[in-house]
Amino acid sequence: MSKCVLLVDDEEDVRAIAKLGLEMGAGWKVLSASSGLEALDMAAVHQPDVILLDMMMPEMDGRMTLRKLKENSATQAIPVILVTAKVQPSDQASFAELEVAAVFSKPFRPLALAQQINQALGWPAESPM
Amino acid sequence: MSKPSVSTPKADILVIDDTPENLHLLSTMLTERGYKVRSVTKGLTGLRGAQAAAPDLILLDINMPQMNGYEVCQKLKEDDRTREIPVIFISALGDVLDKVKAFTVGGVDYIAKPFQVEEVLARIENHLTTRRLQKQLLTQNIQLQQEIRERRQAEEKFTKAFRASPNPIAIMTLAEGRFVEVNPSFLRMSGYTREEIMGCLAADLNLGFTQDSYHQAIQRLQETEALQNHEFEFRTRSNETRIVLLSTELIDLSGDRCVLNIFNDITERKRLENEFISLVSHELRTPMNSMIGSLDLLATGQLGALTEQGKQVLNIAITNTERLVRLVNDILDLERMKSGKITMQKVKCNAVDLLTQAAEAMQGMADQSHVQLITEAITADLWADPDRILQTLTNLLSNAIKFSEPGGAVWLAASMENGEQGIGDRENGVGRDPSALKIYVRDQGRGIPTEKLQTIFERFQQVDASDSRKKGGTGLGLAICRNIVEQHNGRIWAESTLGQGSTFNVTLPLYRN
């Protein structure tokens, strides 16, 4: 079954590539939000299957967005995967206390993204389109 | 009683006497003895002659018309040009008063007529000698005063430079490392007061820089006389670490061999540098992320089929972007290690596992390069961060394989090591690790020139500047390895024979209960 992913990243290029990768690689439906605030609304309205959330964003960062998502009963059940350029063990440790399904590090391979999400969330693998 | 005056054949004597017979007698007698004689019959003429060219001695008659001997003598003593010339009066006036007057006006001696030739000669010789010695003393005195002035000036210059220098300076004895003198900048940097530091042994103050590496530097200093800009970590009184560049000179302080240590505190510079690197690296990552993603998507061919040449160009773009990612990752990694943002997650781990894992990880690369990878592990428990040790070993293996010819072999092996090879805090007498494990990676590659054996562990210091391009490295691998090993209180070093191969050694502390 085709999944719906909400991409949250302030970088337009990163959104475009991830979108292409997920669409081409797995045939998923992809929604994009360029800020944390926009993501909160879109998540509540569209109820995606998973949210890919960038950590470093201006104004409302990933951490804050995550907290708001988890505070809202309409969005708290949606699994969130953090995407970050910080990949050091010490950073990883600080993510451990967050309510996230997984942490992906940048740079990611767009075509492998769907597979990565499947693995992280325990979804069955599907053959690429 | 008088010797022929061979010692002063050129002494110039002026004889002033109005009696021609006397003049002739004296003149002949003196000339015979090798003196240079000028003789005049008038006081005034004699005076002018002396002023024009000062003789070494004057024989002066008292009783003369127009200007008598006393007057001549007085005039001589009034004039700077003639004041110092010894004047011996010769006169028939036997009165005591005349003698007194002769000395009062400045004469050095008085000879009564009729005189004995030998006596006159002896007296002349005597006064010439006295005069010569006097002159010598005067010259020496002037020289000494000049020297004192120069020394005082040099001392003042040095003292001022020493006190006012923004560079911390410390003078220590060579033998013991005892503080002899420090400047205010040094006190500021170290946080110690003058009283706390003077006379103390550097080792007792635990200043960090007096560790092994400093002793090695001092040893080299004794061979080369001066050392410049060696990087050390300096520990302040409040246990803060400052990064310093140390330049040293050997100096002699009243017979004591001392070391003049001039520091350059580059802590702030380093911090800014690291901050900059970190910033740049983060800013580079974001666009690189997009580049890699875009290239990956293009490579699938799903966005349109590429010609063979198009694929070739795309491959070039992918390879280079990947290299850029590695480089940025390495820079970040190193910067974070150096700034202490990464700490080693040390656990008890088995050497066999680590070596096996490292070999397995590199087997693919070895196969591709047709290099035989031989592992000889031994069982030992290490106290280490397994991920970081693995990173170190795979890095060394990767280098070894890269620089091996097809058909060559690379060894990964380990042996027990006695800990007296500079591991642990020998300085503090702690000796935490009496024994350690030595892991080595050996290849049969082209080898490393001796002068590069140390520097290859610095950032961007490959043996050949083109290596990073040809071999796909970042120039940071060994710097990262060294950092990891040092954070384990271990040691890393290379040994090599040109044309025969290199061995990279790593010592790591054993796990202790």
# chains A, B, ... in the order shown; residues from 1 in each chain; ligands from 1
$ interface_residues --of "chain B" --to "chain A" --cutoff "6 Å" --atoms "only C-alpha atoms" --output "tab-separated table (two decimals) with N, CA and C atoms, in the first residue's frame"
chain	number	residue	atom	x	y	z
B	289	ASN	N	24.60	17.56	0.38
B	289	ASN	CA	23.49	16.64	0.53
B	289	ASN	C	22.61	16.67	-0.73
B	290	SER	N	22.31	17.87	-1.16
B	290	SER	CA	21.47	18.02	-2.35
B	290	SER	C	22.18	17.52	-3.60
B	293	GLY	N	22.20	13.69	-3.62
B	293	GLY	CA	20.85	13.21	-3.90
B	293	GLY	C	20.51	13.36	-5.38
$ residues_around --residues "Phe460 in chain B" --least-positions-apart "6" --cutoff "8 Å" --atoms "only C-alpha atoms" --output "PDB file with C-alpha atoms, in the first residue's frame"
ATOM      1  CA  THR B 474      41.437  13.350   2.424  1.00  0.00           C
ATOM      2  CA  GLY B 475      44.801  14.039   4.024  1.00  0.00           C
ATOM      3  CA  LEU B 476      43.210  13.820   7.429  1.00  0.00           C
TER       4      LEU B 476
END
$ select_by_dssp --residues "range 277-413 of chain B" --states "strand (DSSP E)" --output "ChimeraX atom specification"
/B:347-350,372-376,381-384,409-413
$ select_by_dssp --residues "range 1-61 of chain A" --states "helix (DSSP H, G or I)" --output "PyMOL selection string"
chain A and resi 12-26+36-46
$ write_last_selection --atoms "N, CA and C atoms" --output "PDB file, in the first residue's frame"
ATOM      1  N   GLU A  12      14.804  23.954   0.272  1.00  0.00           N
ATOM      2  CA  GLU A  12      13.919  23.536  -0.807  1.00  0.00           C
ATOM      3  C   GLU A  12      14.517  22.361  -1.593  1.00  0.00           C
ATOM      4  N   ASP A  13      15.831  22.439  -1.852  1.00  0.00           N
ATOM      5  CA  ASP A  13      16.491  21.399  -2.635  1.00  0.00           C
ATOM      6  C   ASP A  13      16.408  20.037  -1.951  1.00  0.00           C
ATOM      7  N   VAL A  14      16.613  20.063  -0.651  1.00  0.00           N
ATOM      8  CA  VAL A  14      16.567  18.795   0.085  1.00  0.00           C
ATOM      9  C   VAL A  14      15.168  18.196  -0.018  1.00  0.00           C
ATOM     10  N   ARG A  15      14.156  19.046   0.108  1.00  0.00           N
ATOM     11  CA  ARG A  15      12.763  18.575  -0.013  1.00  0.00           C
ATOM     12  C   ARG A  15      12.528  17.980  -1.405  1.00  0.00           C
ATOM     13  N   ALA A  16      12.992  18.689  -2.426  1.00  0.00           N
ATOM     14  CA  ALA A  16      12.757  18.252  -3.808  1.00  0.00           C
ATOM     15  C   ALA A  16      13.385  16.890  -4.069  1.00  0.00           C
ATOM     16  N   ILE A  17      14.597  16.718  -3.566  1.00  0.00           N
ATOM     17  CA  ILE A  17      15.301  15.456  -3.818  1.00  0.00           C
ATOM     18  C   ILE A  17      14.659  14.298  -3.066  1.00  0.00           C
ATOM     19  N   ALA A  18      14.350  14.552  -1.810  1.00  0.00           N
ATOM     20  CA  ALA A  18      13.722  13.497  -1.010  1.00  0.00           C
ATOM     21  C   ALA A  18      12.379  13.113  -1.632  1.00  0.00           C
ATOM     22  N   LYS A  19      11.651  14.122  -2.091  1.00  0.00           N
ATOM     23  CA  LYS A  19      10.342  13.887  -2.711  1.00  0.00           C
ATOM     24  C   LYS A  19      10.498  13.009  -3.954  1.00  0.00           C
ATOM     25  N   LEU A  20      11.439  13.408  -4.819  1.00  0.00           N
ATOM     26  CA  LEU A  20      11.693  12.641  -6.041  1.00  0.00           C
ATOM     27  C   LEU A  20      12.086  11.205  -5.713  1.00  0.00           C
ATOM     28  N   GLY A  21      12.964  11.096  -4.730  1.00  0.00           N
ATOM     29  CA  GLY A  21      13.462   9.777  -4.343  1.00  0.00           C
ATOM     30  C   GLY A  21      12.338   8.880  -3.862  1.00  0.00           C
ATOM     31  N   LEU A  22      11.491   9.420  -3.018  1.00  0.00           N
ATOM     32  CA  LEU A  22      10.408   8.613  -2.462  1.00  0.00           C
ATOM     33  C   LEU A  22       9.358   8.282  -3.526  1.00  0.00           C
ATOM     34  N   GLU A  23       9.103   9.253  -4.363  1.00  0.00           N
ATOM     35  CA  GLU A  23       8.100   9.030  -5.428  1.00  0.00           C
ATOM     36  C   GLU A  23       8.621   8.026  -6.446  1.00  0.00           C
ATOM     37  N   MET A  24       9.884   8.247  -6.877  1.00  0.00           N
ATOM     38  CA  MET A  24      10.457   7.386  -7.893  1.00  0.00           C
ATOM     39  C   MET A  24      10.817   6.020  -7.325  1.00  0.00           C
ATOM     40  N   GLY A  25      11.358   6.048  -6.107  1.00  0.00           N
ATOM     41  CA  GLY A  25      11.870   4.805  -5.532  1.00  0.00           C
ATOM     42  C   GLY A  25      10.772   3.894  -5.005  1.00  0.00           C
ATOM     43  N   ALA A  26       9.704   4.486  -4.504  1.00  0.00           N
ATOM     44  CA  ALA A  26       8.706   3.637  -3.857  1.00  0.00           C
ATOM     45  C   ALA A  26       7.273   3.966  -4.259  1.00  0.00           C
ATOM     46  N   GLY A  36       8.556  24.408  10.643  1.00  0.00           N
ATOM     47  CA  GLY A  36       7.926  23.636  11.704  1.00  0.00           C
ATOM     48  C   GLY A  36       6.454  23.977  11.827  1.00  0.00           C
ATOM     49  N   LEU A  37       6.184  25.270  11.738  1.00  0.00           N
ATOM     50  CA  LEU A  37       4.809  25.747  11.903  1.00  0.00           C
ATOM     51  C   LEU A  37       3.886  25.161  10.835  1.00  0.00           C
ATOM     52  N   GLU A  38       4.382  25.218   9.591  1.00  0.00           N
ATOM     53  CA  GLU A  38       3.623  24.678   8.475  1.00  0.00           C
ATOM     54  C   GLU A  38       3.406  23.173   8.657  1.00  0.00           C
ATOM     55  N   ALA A  39       4.429  22.524   9.190  1.00  0.00           N
ATOM     56  CA  ALA A  39       4.373  21.069   9.389  1.00  0.00           C
ATOM     57  C   ALA A  39       3.266  20.694  10.367  1.00  0.00           C
ATOM     58  N   LEU A  40       3.105  21.492  11.430  1.00  0.00           N
ATOM     59  CA  LEU A  40       2.094  21.184  12.437  1.00  0.00           C
ATOM     60  C   LEU A  40       0.703  21.158  11.802  1.00  0.00           C
ATOM     61  N   ASP A  41       0.417  22.164  10.985  1.00  0.00           N
ATOM     62  CA  ASP A  41      -0.885  22.242  10.321  1.00  0.00           C
ATOM     63  C   ASP A  41      -1.084  21.079   9.352  1.00  0.00           C
ATOM     64  N   MET A  42      -0.066  20.863   8.514  1.00  0.00           N
ATOM     65  CA  MET A  42      -0.190  19.841   7.490  1.00  0.00           C
ATOM     66  C   MET A  42      -0.340  18.451   8.107  1.00  0.00           C
ATOM     67  N   ALA A  43       0.375  18.200   9.185  1.00  0.00           N
ATOM     68  CA  ALA A  43       0.309  16.891   9.845  1.00  0.00           C
ATOM     69  C   ALA A  43      -1.103  16.656  10.380  1.00  0.00           C
ATOM     70  N   ALA A  44      -1.678  17.701  10.985  1.00  0.00           N
ATOM     71  CA  ALA A  44      -3.008  17.568  11.566  1.00  0.00           C
ATOM     72  C   ALA A  44      -4.054  17.349  10.468  1.00  0.00           C
ATOM     73  N   VAL A  45      -3.893  18.062   9.367  1.00  0.00           N
ATOM     74  CA  VAL A  45      -4.884  17.998   8.295  1.00  0.00           C
ATOM     75  C   VAL A  45      -4.769  16.716   7.482  1.00  0.00           C
ATOM     76  N   HIS A  46      -3.516  16.381   7.068  1.00  0.00           N
ATOM     77  CA  HIS A  46      -3.355  15.278   6.116  1.00  0.00           C
ATOM     78  C   HIS A  46      -3.073  13.935   6.771  1.00  0.00           C
TER      79      HIS A  46
END
$ residues_around --residues "Asn118 in chain A" --least-positions-apart "6" --cutoff "12 Å" --atoms "only C-alpha atoms" --output "NGL selection string"
:A and (2-3 or 5 or 22 or 26 or 28 or 49-50 or 79 or 81 or 101-102 or 112 or 124-127)
$ write_last_selection --atoms "N, CA and C atoms" --output "short mmCIF file (atom, residue, chain, number, x, y, z; two decimals), in the first residue's frame"
data_model
loop_
_atom_site.label_atom_id
_atom_site.label_comp_id
_atom_site.auth_asym_id
_atom_site.auth_seq_id
_atom_site.Cartn_x
_atom_site.Cartn_y
_atom_site.Cartn_z
N SER A 2 0.47 2.20 -0.80
CA SER A 2 1.27 3.42 -0.92
C SER A 2 1.18 4.26 0.37
N LYS A 3 2.33 4.72 0.82
CA LYS A 3 2.38 5.50 2.06
C LYS A 3 2.36 6.99 1.76
N VAL A 5 4.08 10.49 3.11
CA VAL A 5 5.17 11.01 3.93
C VAL A 5 5.10 12.53 3.98
N LEU A 22 11.49 9.42 -3.02
CA LEU A 22 10.41 8.61 -2.46
C LEU A 22 9.36 8.28 -3.53
N ALA A 26 9.70 4.49 -4.50
CA ALA A 26 8.71 3.64 -3.86
C ALA A 26 7.27 3.97 -4.26
N TRP A 28 5.58 6.52 -3.27
CA TRP A 28 4.83 7.06 -2.15
C TRP A 28 4.31 8.46 -2.47
N ASP A 49 1.54 9.08 7.12
CA ASP A 49 1.94 7.85 7.81
C ASP A 49 3.23 8.04 8.61
N VAL A 50 4.04 8.98 8.14
CA VAL A 50 5.31 9.25 8.84
C VAL A 50 5.74 10.69 8.54
N PRO A 79 4.33 8.55 13.62
CA PRO A 79 5.76 8.35 13.87
C PRO A 79 6.60 9.47 13.23
N ILE A 81 10.53 10.72 12.19
CA ILE A 81 11.95 10.35 12.00
C ILE A 81 12.74 11.65 11.87
N ALA A 101 10.97 7.86 16.19
CA ALA A 101 11.03 6.47 15.74
C ALA A 101 12.44 6.11 15.29
N ALA A 102 13.14 7.10 14.75
CA ALA A 102 14.49 6.85 14.28
C ALA A 102 15.20 8.19 14.01
N ALA A 112 17.18 5.34 -1.49
CA ALA A 112 17.17 4.33 -0.43
C ALA A 112 16.28 4.76 0.73
N PRO A 124 6.57 -3.60 6.14
CA PRO A 124 7.07 -4.61 5.20
C PRO A 124 7.71 -3.95 3.98
N ALA A 125 8.79 -4.56 3.52
CA ALA A 125 9.46 -4.02 2.33
C ALA A 125 8.58 -4.20 1.11
N GLU A 126 8.70 -3.28 0.22
CA GLU A 126 7.91 -3.39 -1.01
C GLU A 126 8.84 -3.28 -2.20
N SER A 127 8.45 -3.83 -3.25
CA SER A 127 9.31 -3.75 -4.43
C SER A 127 9.18 -2.38 -5.05
#
$ atom_distance --atom1 "CA of Ser34 in chain A" --atom2 "CA of Leu324 in chain B"
26.8 Å
$ closest_residue --among "A:Thr65, A:Thr84, A:Ser32, A:Gln47" --to "Glu99 in chain A" --atoms "only C-alpha atoms"
A:Thr65
$ residues_around --residues "Thr159 in chain B" --least-positions-apart "4" --cutoff "12 Å" --atoms "only C-alpha atoms" --output "VMD selection string"
chain B and resid 151 to 155 163 to 165 169 181 to 184
$ closest_residue --among "A:Val80, A:Met55, A:Gly62, A:Ala74" --to "Leu6 in chain A" --atoms "only C-alpha atoms"
A:Val80
$ closest_residue --among "B:Ser91, B:Asn489, B:Thr307, B:Gln136" --to "Gly69 in chain B" --atoms "only C-alpha atoms"
B:Ser91
$ closest_residue --among "B:Lys99, B:Leu144, B:Ile124, B:Ile243" --to "Lys338 in chain B" --atoms "only C-alpha atoms"
B:Ile243
$ atom_distance --atom1 "CA of Leu207 in chain B" --atom2 "CA of Leu227 in chain B"
19.2 Å
$ closest_residue --among "A:Val103, A:Leu82, A:Ala120, A:Ala114" --to "Val30 in chain A" --atoms "only C-alpha atoms"
A:Ala114
$ atom_distance --atom1 "CA of Ser105 in chain A" --atom2 "CA of Val83 in chain A"
5.6 Å
